[in-house]
>>> print(open('coords-v1.txt').read())   # compact mmCIF, C-alpha atoms
# COMPACT_ATOMS: atom_id res chain seq x y z
CA MET A 880 52.25 -44.34 13.41
CA ASP A 881 55.97 -44.74 12.89
CA ILE A 882 57.23 -47.33 15.38
CA ASP A 883 60.73 -45.75 15.33
CA ILE A 884 59.31 -42.59 16.89
CA LEU A 885 57.93 -44.61 19.81
CA ALA A 886 61.39 -46.10 20.35
CA ARG A 887 62.79 -42.64 21.14
CA PRO A 888 62.05 -41.63 24.75
CA LEU A 889 61.80 -37.88 24.06
CA ALA A 890 59.43 -38.20 21.10
CA LYS A 891 57.34 -40.82 22.87
CA THR A 892 57.03 -38.78 26.07
CA VAL A 893 56.19 -35.53 24.29
CA MET A 894 53.69 -37.16 21.91
CA VAL A 895 51.81 -39.02 24.62
CA MET A 896 51.83 -36.02 26.99
CA LEU A 897 50.53 -33.74 24.21
CA LEU A 898 47.66 -36.18 23.70
CA ALA A 899 47.10 -36.55 27.45
CA ALA A 900 47.11 -32.77 27.94
CA ALA A 901 44.61 -32.34 25.09
CA PHE A 902 42.31 -34.96 26.66
CA GLY A 903 42.69 -33.33 30.08
CA ALA A 904 41.83 -29.87 28.76
CA LEU A 905 38.87 -31.24 26.74
CA GLY A 906 37.61 -32.99 29.86
CA ASP A 907 37.85 -29.83 31.96
CA VAL A 908 36.13 -27.74 29.28
CA MET A 909 33.28 -30.23 28.99
CA LEU A 910 32.88 -30.36 32.78
CA SER A 911 32.78 -26.56 32.82
CA LYS A 912 30.18 -26.47 30.03
CA GLY A 913 28.02 -29.10 31.74
CA MET A 914 28.12 -27.44 35.15
CA LYS A 915 27.34 -24.01 33.65
CA GLU A 916 24.25 -25.58 32.08
CA ILE A 917 23.17 -26.91 35.50
CA GLY A 918 23.80 -23.55 37.15
CA ASP A 919 25.32 -22.32 40.39
CA VAL A 920 24.94 -25.22 42.82
CA SER A 921 26.15 -23.24 45.85
CA VAL A 922 22.84 -21.40 46.16
CA ARG A 923 20.73 -24.59 46.28
CA LEU A 924 22.67 -27.15 48.29
CA THR A 925 19.42 -28.36 49.85
CA LEU A 926 18.56 -29.79 46.43
CA LEU A 927 21.66 -32.02 46.41
CA PRO A 928 19.93 -35.24 45.20
CA GLN A 929 18.39 -33.34 42.27
CA ILE A 930 21.77 -31.78 41.39
CA VAL A 931 23.41 -35.23 41.44
CA ARG A 932 20.73 -36.54 39.05
CA GLN A 933 21.30 -33.57 36.72
CA VAL A 934 25.06 -34.21 36.78
CA LEU A 935 24.63 -37.90 36.00
CA ARG A 936 22.25 -37.12 33.10
CA SER A 937 24.50 -34.43 31.58
CA ARG A 938 26.18 -35.60 28.37
CA ALA A 939 28.79 -32.84 28.65
CA ILE A 940 29.78 -33.86 32.18
CA MET A 941 29.86 -37.57 31.35
CA GLY A 942 31.94 -36.75 28.25
CA GLY A 943 34.27 -34.71 30.45
CA VAL A 944 34.65 -37.63 32.85
CA GLY A 945 35.45 -39.86 29.86
CA PHE A 946 38.15 -37.53 28.54
CA LEU A 947 39.67 -37.13 32.01
CA SER A 948 39.72 -40.94 32.30
CA LEU A 949 41.66 -41.10 29.03
CA PHE A 950 44.05 -38.49 30.41
CA PHE A 951 44.57 -40.65 33.50
CA VAL A 952 45.28 -43.79 31.43
CA LEU A 953 47.89 -41.94 29.31
CA TRP A 954 49.38 -40.36 32.46
CA LEU A 955 49.85 -43.84 33.96
CA ALA A 956 51.45 -45.01 30.70
CA VAL A 957 53.93 -42.09 30.65
CA LEU A 958 54.90 -42.75 34.28
CA SER A 959 55.89 -46.28 33.27
CA TRP A 960 58.91 -45.00 31.30
CA ALA A 961 59.49 -41.29 31.99
CA ASP A 962 60.93 -39.53 35.05
CA LEU A 963 58.26 -37.85 37.17
CA SER A 964 60.36 -34.66 37.17
CA VAL A 965 59.91 -34.62 33.37
CA ALA A 966 56.30 -35.77 33.19
CA LEU A 967 54.95 -33.48 35.93
CA PRO A 968 55.89 -30.15 34.26
CA LEU A 969 54.54 -31.49 30.95
CA THR A 970 51.05 -31.87 32.48
CA ALA A 971 50.96 -28.04 32.47
CA LEU A 972 50.44 -28.29 28.69
CA SER A 973 46.77 -28.86 29.54
CA TYR A 974 46.65 -25.20 30.64
CA VAL A 975 47.72 -24.20 27.11
CA PHE A 976 45.01 -26.33 25.49
CA GLY A 977 42.58 -25.14 28.16
CA ALA A 978 43.23 -21.47 27.40
CA LEU A 979 42.73 -22.04 23.66
CA LEU A 980 39.53 -24.06 24.17
CA ALA A 981 38.19 -21.55 26.71
CA LYS A 982 38.65 -18.73 24.20
CA TYR A 983 37.51 -20.40 21.00
CA TYR A 984 34.95 -22.95 22.31
CA LEU A 985 33.52 -21.40 25.47
CA GLY A 986 34.01 -17.80 24.29
CA GLU A 987 35.77 -16.74 27.49
CA THR A 988 37.93 -13.63 27.58
CA ILE A 989 41.61 -14.43 28.16
CA CYS A 990 43.58 -11.50 29.59
CA ALA A 991 47.19 -10.66 28.66
CA SER A 992 48.65 -12.17 31.85
CA ARG A 993 47.05 -15.52 31.01
CA TRP A 994 48.52 -15.48 27.50
CA LEU A 995 51.88 -14.61 29.08
CA GLY A 996 51.48 -17.56 31.44
CA THR A 997 50.64 -19.83 28.51
CA LEU A 998 53.75 -18.67 26.66
CA LEU A 999 55.93 -19.23 29.76
CA ILE A 1000 54.54 -22.76 30.13
CA CYS A 1001 55.50 -23.51 26.52
CA VAL A 1002 59.03 -22.15 27.11
CA GLY A 1003 59.34 -24.20 30.32
CA VAL A 1004 58.16 -27.37 28.60
CA VAL A 1005 60.75 -26.88 25.85
CA LEU A 1006 63.47 -26.49 28.51
CA VAL A 1007 62.32 -29.65 30.33
CA THR A 1008 62.20 -31.69 27.13
CA ARG A 1009 65.74 -30.53 26.25
CA SER A 1010 66.91 -32.11 29.52
CA ILE A 1011 65.85 -35.60 28.35
CA LYS A 1012 68.84 -37.66 27.29
CA MET B 1132 53.63 -10.35 40.12
CA ASP B 1133 52.48 -10.44 43.74
CA LEU B 1134 53.06 -13.28 46.19
CA GLY B 1135 49.41 -14.28 46.18
CA VAL B 1136 49.56 -15.01 42.46
CA LEU B 1137 52.94 -16.72 42.66
CA ALA B 1138 51.76 -18.97 45.52
CA GLY B 1139 49.42 -20.80 43.17
CA GLY B 1140 52.28 -22.32 41.17
CA LEU B 1141 54.62 -22.99 44.08
CA PRO B 1142 53.00 -26.22 45.33
CA ARG B 1143 53.57 -27.79 41.89
CA MET B 1144 57.24 -26.81 41.94
CA LEU B 1145 57.72 -28.01 45.52
CA ALA B 1146 56.01 -31.29 44.64
CA ALA B 1147 58.30 -31.76 41.63
CA VAL B 1148 61.40 -31.01 43.73
CA THR B 1149 60.36 -33.35 46.55
CA VAL B 1150 59.45 -36.16 44.20
CA ALA B 1151 62.67 -35.86 42.19
CA VAL B 1152 64.73 -36.02 45.39
CA MET B 1153 62.72 -38.94 46.80
CA LEU B 1154 63.00 -40.96 43.59
CA HIS B 1155 66.72 -40.21 43.18
CA GLU B 1156 66.13 -38.91 39.67
CA ARG B 1157 68.96 -37.11 37.90
CA VAL B 1158 67.70 -33.57 37.57
CA GLY B 1159 69.95 -31.29 35.54
CA VAL B 1160 69.99 -27.51 35.48
CA MET B 1161 67.87 -27.42 32.32
CA ARG B 1162 65.12 -29.50 33.94
CA TRP B 1163 65.11 -27.34 37.08
CA LEU B 1164 64.98 -24.19 34.98
CA GLY B 1165 62.15 -25.61 32.86
CA ALA B 1166 60.16 -26.64 35.95
CA VAL B 1167 60.56 -23.18 37.48
CA VAL B 1168 59.52 -21.43 34.24
CA VAL B 1169 56.46 -23.72 33.98
CA CYS B 1170 55.56 -22.90 37.60
CA ILE B 1171 55.82 -19.17 36.95
CA GLY B 1172 53.65 -19.66 33.85
CA VAL B 1173 51.03 -21.56 35.85
CA SER B 1174 51.13 -18.82 38.48
CA CYS B 1175 50.35 -16.25 35.78
CA LEU B 1176 47.23 -18.24 34.88
CA GLU B 1177 45.88 -18.61 38.41
>>> encode(input="coords-v1.txt", output="structure tokens")
Amino acid sequence: MDIDILARPLAKTVMVMLLAAAFGALGDVMLSKGMKEIGDVSVRLTLLPQIVRQVLRSRAIMGGVGFLSLFFVLWLAVLSWADLSVALPLTALSYVFGALLAKYYLGETICASRWLGTLLICVGVVLVTRSIK
Amino acid sequence: MDLGVLAGGLPRMLAAVTVAVMLHERVGVMRWLGAVVVCIGVSCLE
């Protein structure tokens, strides 16, 4: 990795937040996959101990927790140099990755309003990044 | 877009506004505009 890029606040913030958002979306997708495999837990709350065991044994859920942990570490790192008013809107990039992963990995149907929302998030992120001096 | 849909993204925007004010960050027009557009985008997803 070019060290000069990391010396520039804008490039550093955007690069790390892109990575963090990707990890966040991957984590959410894996949690979703793992919980779908376990099934609807609301109809069998009396079996709570068994559900907890299933959750702890699920590779998908544990992988999701791992990716979300990575997201949290990168989020902490970004907050050490970037304004929160910049970093917070950039976390919405995880919705963009989430929509793409939901469609192409989980096979979910994404309606037009969700694609519009994804596009608006991208436009908003570009505007926020342009405000960085 | 109805209010019920828009309400989903509003807490994020209000949080960003409150935090920016509390931390005395310099928030220009471009950053406000970007935050609002992101919030509307998130609202479209929810």
>>> closest_atom_pairs(input="coords-v1.txt", of="chain B", to="chain A", cutoff="6 Å", atoms="all atoms listed in the file", output="tab-separated table")
residue	atom	partner	partner_atom	distance
B:Ala1147	CA	A:Ser964	CA	5.7
B:Ala1151	CA	A:Ser964	CA	5.7
B:Met1161	CA	A:Ser1010	CA	5.5
B:Arg1162	CA	A:Val1007	CA	4.6
B:Gly1165	CA	A:Gly1003	CA	4.0
B:Ala1166	CA	A:Pro968	CA	5.8
B:Val1168	CA	A:Gly1003	CA	4.8
B:Val1169	CA	A:Ile1000	CA	4.4
B:Gly1172	CA	A:Gly996	CA	3.9
B:Val1173	CA	A:Gly996	CA	6.0
B:Cys1175	CA	A:Gly996	CA	4.7
B:Leu1176	CA	A:Arg993	CA	4.7
>>> atom_distance(input="coords-v1.txt", atom1="atom CA of Ile917 of chain A", atom2="atom CA of Phe902 of chain A")
22.6 Å
>>> atom_distance(input="coords-v1.txt", atom1="atom CA of Gly977 of chain A", atom2="atom CA of Leu905 of chain A")
7.3 Å
>>> residues_near_point(input="coords-v1.txt", point="(40.1, -33.3, 33.2)", cutoff="12 Å", atoms="all atoms listed in the file", output="number ranges by chain")
A: 899-911, 940-952, 954, 970, 973-974, 976-977
>>> axis_aligned_box(input="coords-v1.txt", around="segment 929-935 of chain A", padding_each_side="4 Å", output="AutoDock Vina command-line options")
--center_x 21.7 --center_y -34.8 --center_z 39.1 --size_x 14.7 --size_y 14.1 --size_z 14.3
>>> atom_distance(input="coords-v1.txt", atom1="atom CA of Ser959 of chain A", atom2="atom CA of Arg1157 of chain B")
16.6 Å
